[in-house]
Protein chains: 4
Amino acid sequence: MTNFCSDNTAGASPAILEALNRASAGAVMPYGADPLTEALEARFQALFETDCRVFPVATGTAANVLGLAVMTPPYGAIYCHESAHINLDECGAPELYTGGAKLVLLGGEHGKISVEGLEQAISGAGNVHSVQPAAVSLTQGTEAGTVYRPDEVAAIAEVARAGGLGVHMDGARFANAVVSLGVSPAEITWKVGVDALAFGATKNGALAAEAVVLFKPALAETLGYRRKRGGHLFSKMRFLSAQLEAYLADDLWLENARHANAMARRLAEGLAAVPGVEILHPVEINEIFPRFPKAMAEGLKAEGFLFYTWGGGEDRVEARLVTAFNTKAEDVEAMIATAGRLAGQEVRKTA
Amino acid sequence: MTNFCSDNTAGASPAILEALNRASAGAVMPYGADPLTEALEARFQALFETDCRVFPVATGTAANVLGLAVMTPPYGAIYCHESAHINLDECGAPELYTGGAKLVLLGGEHGKISVEGLEQAISGAGNVHSVQPAAVSLTQGTEAGTVYRPDEVAAIAEVARAGGLGVHMDGARFANAVVSLGVSPAEITWKVGVDALAFGATKNGALAAEAVVLFKPALAETLGYRRKRGGHLFSKMRFLSAQLEAYLADDLWLENARHANAMARRLAEGLAAVPGVEILHPVEINEIFPRFPKAMAEGLKAEGFLFYTWGGGEDRVEARLVTAFNTKAEDVEAMIATAGRLAGQEVRKTA
Amino acid sequence: MTNFCSDNTAGASPAILEALNRASAGAVMPYGADPLTEALEARFQALFETDCRVFPVATGTAANVLGLAVMTPPYGAIYCHESAHINLDECGAPELYTGGAKLVLLGGEHGKISVEGLEQAISGAGNVHSVQPAAVSLTQGTEAGTVYRPDEVAAIAEVARAGGLGVHMDGARFANAVVSLGVSPAEITWKVGVDALAFGATKNGALAAEAVVLFKPALAETLGYRRKRGGHLFSKMRFLSAQLEAYLADDLWLENARHANAMARRLAEGLAAVPGVEILHPVEINEIFPRFPKAMAEGLKAEGFLFYTWGGGEDRVEARLVTAFNTKAEDVEAMIATAGRLAGQEVRKTA
Amino acid sequence: MTNFCSDNTAGASPAILEALNRASAGAVMPYGADPLTEALEARFQALFETDCRVFPVATGTAANVLGLAVMTPPYGAIYCHESAHINLDECGAPELYTGGAKLVLLGGEHGKISVEGLEQAISGAGNVHSVQPAAVSLTQGTEAGTVYRPDEVAAIAEVARAGGLGVHMDGARFANAVVSLGVSPAEITWKVGVDALAFGATKNGALAAEAVVLFKPALAETLGYRRKRGGHLFSKMRFLSAQLEAYLADDLWLENARHANAMARRLAEGLAAVPGVEILHPVEINEIFPRFPKAMAEGLKAEGFLFYTWGGGEDRVEARLVTAFNTKAEDVEAMIATAGRLAGQEVRKTA
């Protein structure tokens, strides 16, 4: 069985597991007053080359919504792509943590909102009948497997700034985006106007560790209370911090992401060459969205390749394949080969 | 340095760390559709000898408030002891997760509410001006280091049932209470009327793992949505489930708690024999509340024994000492001896 | 000055003011335990020919969101037209009262959602990552000045029922819809599947009075608490009930709506005959949406006709004109004549 | 029947009803953009001799909780007397509007909190586990029928200021307190440190009208959104403003309160002279709390005097009597006489 359903189906990087084992030794103060956690902020500040504030949590949803909550009042509007995780996949967590803000949904090709789309959507400021423009949330890399380039983020952030919006980045696959873009973490965040980043590690080799990274100190003032109140302040915080420390150490996070991206690129190239397969979005991180002939998709699944499919009409299905930090090259090649073989059978059958 | 500040200052049981390492192997489906998580419910059902539903989360606050949220409407009242963790130490998490319910605080000796106190407090049912009685929450073991006996829980639950209240148990130190009472988990929960239990593991050897255990299937209907919405559904759920599985395996949870309780008992006995030291509450789990002469408390801290102190008047301080699954007997003896020595000095000084 | 900005710009029907004066006499028990309020439910039950429950409030927003709150959990989804008042004009009130539910927006011609649109939108039931389908809200008459016919409501309600949704009706202009359709209140509500109605009176002659009408007794169980908690339980309730009683007495509500609708029809007919004016939506209640040449719109305003305009491109503007229970026929004729005159000037200018 | 249950059992002052009738004439813009509302703020600024901001609403609960919401974050603590309306009688409205803040309850004689009580209660600032001190709420006049003197408010406000708390005043019976104290509105509010006042009119002659009066402009920034979102922005706002304008005109509000207070004083004096009757709190506004022999209380009710009673032990009951702006002197005398007669019978019976 080869599982391309999600990068969440992978286990954890050995180095991160080892870090947990090391971190367990000795008694340390709880709730973040331990040496590992105390060192972590400096570690992130070095990484991001700025005086950011860092709040470890265990899930991407928590990281996203805590970052949103510090910039969005209960009567606020959060602008995001209609495919955003915060809209479709968090069961209303942003609404809970903001006290009932509204997500205003934007379209946009390949999972990305556009400057124009945002400009047109922002409305109602000062109008007491309307929710108030508060934040824009970008997913980096997107739910379509694409990335925002620094100039794209900057242009959106400029519109946001003009409209009084905070800029939030859902970085569940931030590492994949960074290596894809070949930029520094700073160049794709605060230098182009990002105020709050949900820095993901779980999908890229951690067990369960993310960090809310705030590039404006004022945003940090209430985050601690909100995190505790959400039940996201770990008593044995060292076990979150140890994961994040090991994730960053020796550029493990970049190495893991580079591998996952490479596997995705190879899988996309290989599948694109298979007759009958189309790739629906540019493959810029570790997600591939192929459209398969229905029979081929069924055949692949029957031969042990797991992935999600939906819709697609009568004889096609759309699929999502996700590679991970530990995806094996031979599994990628096997899937390409199998697809090719199934395509041949298809040709023969229809011939 | 010997840390008696909290059982949260300890690391994790080796068996639990090993379980994490084992759990990491292979690809499994995320969000609880993995074999470890799927087996976990049966494991808990066997443990509790009933058809309970189980929802792993990472923090005690999350476990508490999710259990409360499924039995308390936004306009509900939750009755609890004024010292309860849900009142003093969760920064309003119950209010967040219930949508704004009110905690109604009861007094009671040694951290325990009484049947009479609850009876007198329950009011307002059907009165549209008043929040509506919804739940009672018991902390087992309590914040004063004591335990509710099965008949005490049963009597409170009877009042609760008569008043239409759900019965919630904050079991952050459930293991310590179970071994203290010498009862089965069933005997101190559903058999005496408990509807929802926050089953703690973190303080007793896990890294970060708790379980919401629901003894009424109807309560489980909305919990999954509330957990996700709170950001508490782990994608790599196997890593929560593995902790809980290892925690229960070979009665590790009971063994850990037995050790912590024994250390606390010995520490209490030893300190009680030291002139000038009083023990303020019965020592029934792994917490001891001594009142020290101020000089002794300062002396103990100066010699490397860490613990929390507060109030106590001019020449005394009240302290909390907490032992853990890995507290060393020699550290306990060292503290007793040091207190004795400091008491002697005190005597000599004042003589 | 003639004000067509909104039916909210009108004062109150004299009969309703007189009822307030009458209601003020004598001492009565507060919070609805007065004879007027006690009689009101029977009055509504007779009107709707069923055993409905009635909760008077002062604003349409309150009526809407209380009705939604009793059928929508915090993790729920409410399906509605993108132009719905609950989406655009209530500053997030549905989110506040439901505890953070999500409005899922549907398109649809002339302010109406379609059966197909709803069917396609309903999704995520049982999926823990997704908000849960909870309610559909119809605006009757719509924000485009149109009405849903009984068979249209029935078809939508059937889809709703199949998907487990409650059916909510925003009836801020319910009277206008009822007289437009020529149906009984029952025929356009519970008989075609409506569960909760925000029965509006304010726009149609009351000072500030609406009623949440619940056609399923179970929905009423929590509404009283939610109303009080929202600050919408009047102490001197008699003054809300008196308005509603007078509103229904002698069919004042229908008479008022009939007049407003007739004025709108005449205004629409008259304007439609003016060269350069288009009417954008069928005029089925008391709202008209003309597209004017920009110069004509400006001319009309300059001559004292007040109305809202927006967008429309370079040389056109879209406008909304709303008539009320006390709109004068001569004001309607004056506007038509003025538009005609301005059109003539326009023709002459361009000739 | 003579109704002393509440000042809410009275109707409205004729002058206020007349103002509604006058206000109904003509078309005016909705939602507060009408001349009456626009003039209202200046009227209040003159009354309070400062640059306050004014937001009319219809209920005391709304006025209270909107004022609290602008000074209390979701993780905030509001300190108040345990008998406060916001605690006992609003079904959790403060929790709803603040997003889940916690009311911390203080004792105190005769319905009043003390400086010392507040000082001892304030805790947890900066501690992430604890809700954060945010506001103190004073009820003026109190639920025990007493008043805070200016120096008492000032002393409490000083503690509040030192602790970073906003100062909120529930002025449901503000008029009664002002005439009782013989002070100007300024002297008992912002001049002694009050930040937000719920200025009540309903209990003292209006139909349903209160005003949130904010003495710090910054607090006003978000109130408009919160009011709308709560469903408390009236479309035909003129009808709220007209009530408030008439309430203030010709000192009607003071005259009404003076009468109610005088009736209460006379009733208290008369009852105090009746053998067996005790008055439990100083009678400083329009509420009297007598303890009656049980037989006397029953006798009074049997003869048509309505009032609330509770508790009081075996042969006594505690009662609350409330007078209103239109209480008749002869009804007061009748009750005194009846109590006297019943006392005589009692004496005879027991003799």
# chains A, B, ... in the order shown; residues from 1 in each chain; ligands from 1
call {"tool": "select_by_dssp", "arguments": {"residues": "stretch 37-137 of chain B", "states": "strand (DSSP E)", "output": "PyMOL selection string"}}
result
chain B and resi 53-57+76-81+102-106+132-137
call {"tool": "select_by_dssp", "arguments": {"residues": "stretch 73-271 of chain A", "states": "helix (DSSP H, G or I)", "output": "ChimeraX atom specification"}}
result
/A:85-88,93-98,109-111,115-121,150-162,174-181,190-192,202-204,217-220,223-229,238-271
call {"tool": "residues_around", "arguments": {"residues": "A:Glu245", "least_positions_apart": "4", "cutoff": "9 Å", "atoms": "only C-alpha atoms", "output": "mmCIF file with C-alpha atoms, in the first residue's frame"}}
result
data_model
loop_
_atom_site.group_PDB
_atom_site.id
_atom_site.type_symbol
_atom_site.label_atom_id
_atom_site.label_comp_id
_atom_site.auth_asym_id
_atom_site.auth_seq_id
_atom_site.Cartn_x
_atom_site.Cartn_y
_atom_site.Cartn_z
ATOM 1 C CA ILE A 16 12.261 14.751 16.080
ATOM 2 C CA ALA A 19 14.509 15.130 20.462
ATOM 3 C CA LEU A 36 13.847 24.534 25.501
ATOM 4 C CA THR A 37 10.887 26.839 25.147
ATOM 5 C CA ALA A 39 15.429 29.242 23.684
ATOM 6 C CA LEU A 40 12.852 28.721 20.992
ATOM 7 C CA ARG A 43 15.755 30.442 17.423
ATOM 8 C CA LEU A 240 6.251 20.944 21.759
ATOM 9 C CA SER A 241 9.359 23.066 21.813
ATOM 10 C CA ALA A 249 18.013 22.105 13.572
#
call {"tool": "residues_around", "arguments": {"residues": "stretch 75-82 of chain C", "least_positions_apart": "2", "cutoff": "8 Å", "atoms": "only C-alpha atoms", "output": "PyMOL selection string"}}
result
(chain A and resi 91-92) or (chain B and resi 225-226+229) or (chain C and resi 72-73+84+87-88+100-108+111-113+118+121-122+131-138)
call {"tool": "interface_residues", "arguments": {"of": "chain C", "to": "chain D", "cutoff": "7 Å", "atoms": "only C-alpha atoms", "output": "JSON list (two decimals) with N, CA and C atoms, in the first residue's frame"}}
result
[["chain", "number", "residue", "atom", "x", "y", "z"],
["C", 3, "ASN", "N", -39.38, 60.69, 0.58],
["C", 3, "ASN", "CA", -38.35, 59.74, 0.99],
["C", 3, "ASN", "C", -38.71, 58.31, 0.59],
["C", 8, "ASN", "N", -38.42, 52.05, 6.48],
["C", 8, "ASN", "CA", -38.07, 52.44, 7.85],
["C", 8, "ASN", "C", -38.11, 53.94, 8.07],
["C", 9, "THR", "N", -38.24, 54.70, 7.01],
["C", 9, "THR", "CA", -38.26, 56.15, 7.18],
["C", 9, "THR", "C", -39.64, 56.65, 7.59],
["C", 10, "ALA", "N", -40.62, 55.78, 7.49],
["C", 10, "ALA", "CA", -41.99, 56.16, 7.87],
["C", 10, "ALA", "C", -42.13, 56.10, 9.39],
["C", 11, "GLY", "N", -43.09, 56.84, 9.89],
["C", 11, "GLY", "CA", -43.43, 56.77, 11.31],
["C", 11, "GLY", "C", -44.28, 55.53, 11.58],
["C", 12, "ALA", "N", -45.22, 55.66, 12.49],
["C", 12, "ALA", "CA", -46.04, 54.52, 12.88],
["C", 12, "ALA", "C", -47.50, 54.76, 12.51],
["C", 17, "LEU", "N", -50.07, 53.61, 17.52],
["C", 17, "LEU", "CA", -49.77, 54.60, 18.55],
["C", 17, "LEU", "C", -50.90, 54.66, 19.59],
["C", 21, "ASN", "N", -50.96, 53.98, 23.81],
["C", 21, "ASN", "CA", -51.57, 54.84, 24.81],
["C", 21, "ASN", "C", -52.53, 54.04, 25.69],
["C", 24, "SER", "N", -50.90, 51.56, 28.24],
["C", 24, "SER", "CA", -50.15, 52.13, 29.36],
["C", 24, "SER", "C", -50.93, 52.16, 30.67],
["C", 25, "ALA", "N", -52.23, 52.02, 30.56],
["C", 25, "ALA", "CA", -53.07, 52.17, 31.76],
["C", 25, "ALA", "C", -52.93, 50.99, 32.71],
["C", 26, "GLY", "N", -52.83, 51.32, 33.98],
["C", 26, "GLY", "CA", -52.87, 50.26, 34.98],
["C", 26, "GLY", "C", -51.55, 49.57, 35.21],
["C", 27, "ALA", "N", -51.51, 48.87, 36.33],
["C", 27, "ALA", "CA", -50.31, 48.09, 36.64],
["C", 27, "ALA", "C", -50.51, 46.66, 36.16],
["C", 28, "VAL", "N", -49.50, 46.14, 35.49],
["C", 28, "VAL", "CA", -49.55, 44.74, 35.05],
["C", 28, "VAL", "C", -48.19, 44.11, 35.33],
["C", 29, "MET", "N", -48.17, 42.81, 35.39],
["C", 29, "MET", "CA", -46.91, 42.13, 35.69],
["C", 29, "MET", "C", -45.96, 42.27, 34.49],
["C", 30, "PRO", "N", -44.68, 42.32, 34.76],
["C", 30, "PRO", "CA", -43.71, 42.56, 33.68],
["C", 30, "PRO", "C", -43.28, 41.29, 32.96],
["C", 59, "THR", "N", -36.70, 44.26, 17.28],
["C", 59, "THR", "CA", -36.01, 44.49, 16.00],
["C", 59, "THR", "C", -36.03, 43.25, 15.12],
["C", 61, "THR", "N", -33.54, 42.20, 13.32],
["C", 61, "THR", "CA", -32.32, 41.42, 13.52],
["C", 61, "THR", "C", -32.49, 40.45, 14.68],
["C", 62, "ALA", "N", -33.04, 40.94, 15.77],
["C", 62, "ALA", "CA", -33.27, 40.06, 16.92],
["C", 62, "ALA", "C", -34.20, 38.91, 16.54],
["C", 90, "GLU", "N", -26.49, 42.71, 9.21],
["C", 90, "GLU", "CA", -26.70, 42.51, 10.64],
["C", 90, "GLU", "C", -25.38, 42.44, 11.41],
["C", 91, "CYS", "N", -24.32, 42.88, 10.79],
["C", 91, "CYS", "CA", -23.01, 43.01, 11.47],
["C", 91, "CYS", "C", -22.62, 41.74, 12.23],
["C", 92, "GLY", "N", -23.01, 40.60, 11.68],
["C", 92, "GLY", "CA", -22.60, 39.35, 12.32],
["C", 92, "GLY", "C", -23.50, 38.89, 13.44],
["C", 93, "ALA", "N", -24.71, 39.41, 13.50],
["C", 93, "ALA", "CA", -25.62, 38.97, 14.56],
["C", 93, "ALA", "C", -25.91, 37.47, 14.54],
["C", 207, "LEU", "N", -43.89, 50.77, 15.57],
["C", 207, "LEU", "CA", -42.75, 51.59, 15.97],
["C", 207, "LEU", "C", -41.49, 50.71, 16.00],
["C", 208, "ALA", "N", -41.63, 49.60, 16.68],
["C", 208, "ALA", "CA", -40.51, 48.66, 16.80],
["C", 208, "ALA", "C", -41.12, 47.40, 17.38],
["C", 225, "TYR", "N", -34.73, 31.71, 26.95],
["C", 225, "TYR", "CA", -33.43, 31.99, 27.56],
["C", 225, "TYR", "C", -32.56, 32.80, 26.60],
["C", 228, "LYS", "N", -33.74, 36.45, 26.49],
["C", 228, "LYS", "CA", -33.34, 37.20, 27.69],
["C", 228, "LYS", "C", -31.85, 37.52, 27.65],
["C", 229, "ARG", "N", -31.09, 36.51, 27.33],
["C", 229, "ARG", "CA", -29.63, 36.59, 27.27],
["C", 229, "ARG", "C", -29.14, 37.57, 26.21],
["C", 230, "GLY", "N", -29.96, 37.74, 25.18],
["C", 230, "GLY", "CA", -29.64, 38.73, 24.16],
["C", 230, "GLY", "C", -30.06, 40.14, 24.55],
["C", 231, "GLY", "N", -30.73, 40.26, 25.69],
["C", 231, "GLY", "CA", -31.22, 41.58, 26.12],
["C", 231, "GLY", "C", -32.49, 41.98, 25.40],
["C", 232, "HIS", "N", -33.25, 41.00, 24.90],
["C", 232, "HIS", "CA", -34.43, 41.30, 24.11],
["C", 232, "HIS", "C", -35.75, 40.97, 24.80],
["C", 234, "PHE", "N", -38.41, 42.37, 26.95],
["C", 234, "PHE", "CA", -38.86, 43.67, 27.46],
["C", 234, "PHE", "C", -39.47, 43.50, 28.85],
["C", 235, "SER", "N", -39.12, 44.40, 29.76],
["C", 235, "SER", "CA", -39.78, 44.37, 31.07],
["C", 235, "SER", "C", -41.24, 44.83, 30.90],
["C", 236, "LYS", "N", -41.42, 45.94, 30.25],
["C", 236, "LYS", "CA", -42.80, 46.39, 30.00],
["C", 236, "LYS", "C", -43.25, 45.81, 28.65],
["C", 239, "PHE", "N", -45.91, 46.81, 25.89],
["C", 239, "PHE", "CA", -45.77, 47.80, 24.83],
["C", 239, "PHE", "C", -45.30, 47.19, 23.50]]
call {"tool": "atom_distance", "arguments": {"atom1": "atom CA of B:Ala272", "atom2": "atom CA of B:Leu254"}}
result
26.3 Å
